[in-house]
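*Asks:* For reference, the structure I am asking about is given below.
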Amino acid sequence: MTAGTRGFAGTFLFFQQQGLHLSATLAEPEHFSMLESALLVVCVLASAGLFFWRFGPILRNILRSKKDADFSLSPIGRRVWDFFWEVLCQGKVIRQRPLPGLAHAFVFWGFLAFALVSLNHMANGLGLGFLPPTSLVGRFYFIFAAVWALLVAVSIAGLFVRRFFVRPVWLGTKVSYESGFIAFLIFVLMVTYLGAFFVDDGGSTVKALWWLHTLALLIFLPLIPHTKHLHLVLSPITVFFKRDGFAKIPPLTGDEDFGLVAGKDVTQLISLQTYSCVECGRCTEHCPAATTGKVLNPKEIVLGMRSYLNEFGPASEVALLAESRTPAPTDPHQRLLSMEAAFECTTCGSCEYQCPVGIQHVPIIVGLRRGATNTGAWEDDYGTKLFLALEKNGNALGLSAMERDKFIQKQQFPIFDGTQEYCLWLGCMGGYDPKGREIIADFARVMQHLGTSFGVLKKEKCTGDPARRLGNDLVFQTLAENGLKAFETAKVQKIVAICPHCVRTIANDWREFGVAPEIEHHSEFMARHKDRLPKQSGESIVYHDPCYLGRYQDIYAEPREVVEQAGTLVEAPRSHERSFCCGAGGGLAFLGEEQGERVSHVRAKELAGTGAKVVGTACPFCNTMFRDALTAVSDAPPQLLDIAQLTARALPAMEQKEAGGVQ
């Protein structure tokens with residue numbers, strides 16, 4: 001017997017003990033007068049009319065928004081699976097917050113079970129009932145629905161207590177009394193349905209229960225459009241039509257497209273997503289900016305976009321972003337949409353990964369950055385310095401290309417000539433940052449140990465990742481086109497890189513301008529050859545999942561396999577898909593000091609708190625951010641090593657193979 005069935009049986013027993021008669025058959029009114037049927041029709045039309053009157057402007061805003069030029073239904077199989085898993089199975093809702101998630105799922109599944117009940121309920125009022133309670137099918141289905149009614153009643157009561165009494169901080173400080181009233185209506189719907197099992201047909205009580213159930217349903221409908229419960233209508237559509245690919249930044253279309261500057265630039269997908277927000281606060285709870293005292297709150301970005309559309313519409317020329325966030329501006333969207341907030345995002349993707357209704361926050365935030373950067377509205381000294389460094393020197397650190405040449409000569413790396421198996425991509429950090437160079441040198445030793453031939457490009461420029469995430473499309477396009485041309489000229493077929501940002505940008509973002517050669521992260525390369533790498537033991541190593549390797553590329557097992565070759569793997573409290581950001585992504589590594597608590601310090605404290613002797617990383621940016629952070633948060637900080645360094649330290653010290661490996 002299931003828990004729901006036991007609970008249902010227990011409820012029946014309770015009512016019997018109170019002297020109430022229990023029937024296994026749902027009681028329904030035997031007769032409706034012409035006046036009652038006419039009143040029902042009027043009420044239904046009024047409820048539906050109010051719903052469409054309130055929903056109409058929302059639908060118009062979505063349909064009148066700019067079309068998404070790159071939208072495609074393919075791959076349709078993936079969309080169907082996402083709809084099945086995320087909507088019908090409520091997979092994301094339950095996985096990310098198991099207890100409240102299961103309560104939400106019970107309410108959703110209960111509504112599905114009640115669809116047939118509600119349809120038959122209304123039809124009975126017109127003398128058109130199609131599911132007699134005394135029939136075999138009817139009796140089974142109504143009891144089946146009763147089990148769900150009990151689960152929904154308990155779940156909605158629990159969710160009401162959580163929202164209005166427990167009130168987790170990420171749900172927000174504002175209490176929505178409309179939402180509370182809707183929860184009450186849902187509870188009434190369930191109780192009036194269950195009550196019909198304890199009364200006799202034909203009596204006044206059953207008629208009263210019937211009308212109370214009907215009114216609760218009809219009052220509920222027109223309240224949906226202007227509350228968070230609008231997601232009941234829109235979120236299934238949003239999940240099905242969301243942009244294919246995680247945190248995928250859409251291409252600009254035409255010379256007049258600068259990103260999200262004003263309402264006229266907001267696309268249909270963005271409009272649909274903003275109106276689908278359920279205000280659950282999952283994005284806020286996991287956002288590194290919001291949880292460390294920054295202005296940015298991804299939920300408020302979405303709600304700010306919604307407020308803008310309601311206030312100005314999708315054809316407006318009014319700027320989306322205010323210069324800074326103000327407590328009580330004339331325009332409601334300016335309370336939530338500000339330049340300051342948009343440029344505090346690390347683009348870690350936690351918000352998008354957590355969202356149960358298909359909202360893709362990162363493309364929206366990057367779109368706002370594009371609008372501000374490409375039009376010159378965003379003025380930042382650090383940002384300007386970064387863009388100039390990328391344009392002039394071809395690397396984010398602003399160093400001369402000669403510095404990279406000296407490093408290559410010192411390490412005796414061969415230049416890629418088309419005969420080697422791999423092109424070893426250095427990237428800005430691997431070619432110019434001292435610690436990044438150490439990672440590259442050690443990874444090269446690993447490749448040499450494995451007998452893998454490789455070479456480096458004679459000239460290499462940044463992939464444009466920081467420019468891309470900060471919204472400078474002109475700089476990004478120039479760097480992407482230069483990179484594609486360099487690969488083509490050198491006849492590169494396979495690339496391996498130590499930086500997840502480089503891998504993601506080359507493999508995905510460059511596709512706007514051409515298809516790059518196959519590229520993989522060094523964790524994938526080493527995991528594939530783990531049986532040929534030395535096995536170490538004893539030392540505890542806590543592995544930090546980089547955002548751009550984990551959530552962006554779904555690579556979790558491979559770096560752990562490498563770590564387990566080097567010692568004893570220790571998991572951080574937040575790991576895998578829930579890993580906390582280091583604070584470097586989205587170009588923020590180059591934008592100076594943060595406000596509030598530093599993201600890198602929060603994560604470093606968490607990693608050091610595991611008691612592991614070594615912190616293992618798989619991204620040179622993470623390595624850079626933790627370098628000072630670990631010292632700042634711990635008197636005896638653990639050693640900080642990339643997974644390539646963890647592996648290379650066990651290689652024979654005097655092993656000296658030809659730098660390019662086997663030719």
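Going by the structure tokens order, chains are called A, B, ..., each with residues numbered from 1, while ligands are numbered from 1 in the order shown.
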Env of region 51-59 of chain A: 10 Å cut, atoms = only C-alpha atoms, seq-sep filter 5 positions within chain, self excluded. Answer as a PyMOL selection string.
*Replies:* chain A and resi 45-46+64+218-226+230+234+271-272+275+306+309-310+313
*Asks:* Now that the selection is made, can you save its residues with C-alpha atoms as a compact mmCIF listing (two decimals), in the first residue's frame?
*Replies:*
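So the final result, stored in result_19.txt, reads:
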# COMPACT_ATOMS: atom_id res chain seq x y z
CA LEU A 45 -18.02 32.55 -19.29
CA ALA A 46 -17.21 35.27 -16.74
CA ARG A 64 4.80 41.07 -30.74
CA LEU A 218 -13.75 29.53 -11.39
CA ILE A 219 -12.20 32.12 -9.04
CA PHE A 220 -8.80 30.46 -9.42
CA LEU A 221 -8.72 30.75 -13.23
CA PRO A 222 -8.69 34.58 -13.67
CA LEU A 223 -6.13 34.98 -10.87
CA ILE A 224 -3.51 33.00 -12.82
CA PRO A 225 -2.27 35.66 -15.33
CA HIS A 226 -1.11 38.26 -12.80
CA LEU A 230 1.07 31.92 -14.76
CA LEU A 234 3.47 29.02 -19.89
CA SER A 271 9.50 37.36 -23.34
CA LEU A 272 8.08 33.86 -22.93
CA TYR A 275 6.53 35.58 -17.99
CA ARG A 306 8.79 41.34 -17.14
CA LEU A 309 7.39 44.61 -20.92
CA ASN A 310 4.28 45.29 -18.84
CA GLY A 313 5.82 46.91 -24.26
*Asks:* Env of Gly376 (chain A): 10 Å cut, atoms = only C-alpha atoms, seq-sep filter 5 positions within chain, self excluded. Answer as an mmCIF file with N, CA, C and O atoms, in the first residue's frame.
*Replies:*
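Saved as out02.cif:
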data_model
loop_
_atom_site.group_PDB
_atom_site.id
_atom_site.type_symbol
_atom_site.label_atom_id
_atom_site.label_comp_id
_atom_site.auth_asym_id
_atom_site.auth_seq_id
_atom_site.Cartn_x
_atom_site.Cartn_y
_atom_site.Cartn_z
ATOM 1 N N ARG A 370 25.722 43.062 -23.979
ATOM 2 C CA ARG A 370 25.978 43.404 -25.378
ATOM 3 C C ARG A 370 25.400 44.784 -25.704
ATOM 4 O O ARG A 370 26.058 45.613 -26.319
ATOM 5 N N GLY A 371 24.136 44.962 -25.290
ATOM 6 C CA GLY A 371 23.488 46.238 -25.580
ATOM 7 C C GLY A 371 24.234 47.412 -24.987
ATOM 8 O O GLY A 371 24.356 48.474 -25.609
ATOM 9 N N ASN A 472 31.323 42.455 -26.013
ATOM 10 C CA ASN A 472 32.001 43.168 -27.102
ATOM 11 C C ASN A 472 32.087 42.244 -28.315
ATOM 12 O O ASN A 472 33.042 41.488 -28.483
#
*Asks:* Under the rule that only C-alpha atoms are counted, which of A:Ala262, A:Leu128, A:Leu646, A:Leu252 is the nearest residue to Leu474 (chain A)?
*Replies:*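 For Leu474 (chain A), the nearest of the given residues is A:Leu252.
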*Asks:* Can you work out the spacing between CA of Cys348 (chain A) and CA of Phe626 (chain A) in Å, to one decimal?
*Replies:* 16.2 Å
*Asks:* Can you tell me, as a PyMOL selection string, what residues are no more than 12 Å from Val266 (chain A) when counting only C-alpha atoms, ignoring any on the same chain fewer than 2 positions away?
*Replies:* chain A and resi 61-69+257-264+268-274+305-306+308-309+312-320+363-365+367-368+371
*Asks:* Would you list, as a list in words, the residues of region 572-624 of chain A that end up in strand (DSSP E) under DSSP run on this structure's backbone?
*Replies:*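 Filtering region 572-624 of chain A to strand (DSSP E) leaves Val614, Val615, Gly616 and Thr617 of chain A.
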*Asks:* Have a look at CA of Gly611 (chain A) and CA of Pro288 (chain A) and let me know their distance in Å, one decimal.
*Replies:*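 CA of Pro288 (chain A) lies at a distance of 22.8 Å from CA of Gly611 (chain A).
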*Asks:* May I ask which of the residues A:Ala604, A:Leu126, A:Cys283, A:Leu457 is the closest one to Gly418 (chain A), counting only C-alpha atoms?
*Replies:*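 When distances to Gly418 (chain A) are compared using only C-alpha atoms, the smallest one comes from A:Leu457.
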*Asks:* Which residues in region 48-225 of chain A does DSSP call alpha helix (DSSP H)? List them as a PyMOL selection string.
*Replies:* chain A and resi 48-64+76-82+91-96+98-125+136-161+177-195+204-223
*Asks:* Env of Leu591 (chain A): 9 Å cut, atoms = only C-alpha atoms, seq-sep filter 3 positions within chain, self excluded. Answer as a list in words.
*Replies:*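 Listing them by chain and then by number gives Asp380, Asp381, Tyr382, Gly383, Leu386, Gly587, Leu588 and Glu594 of chain A.
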*Asks:* Nearest to Trp109 (chain A) among A:Val366, A:Ile143, A:Leu232, A:Leu26, with distances taken over only C-alpha atoms: which residue is it?
*Replies:* A:Leu232
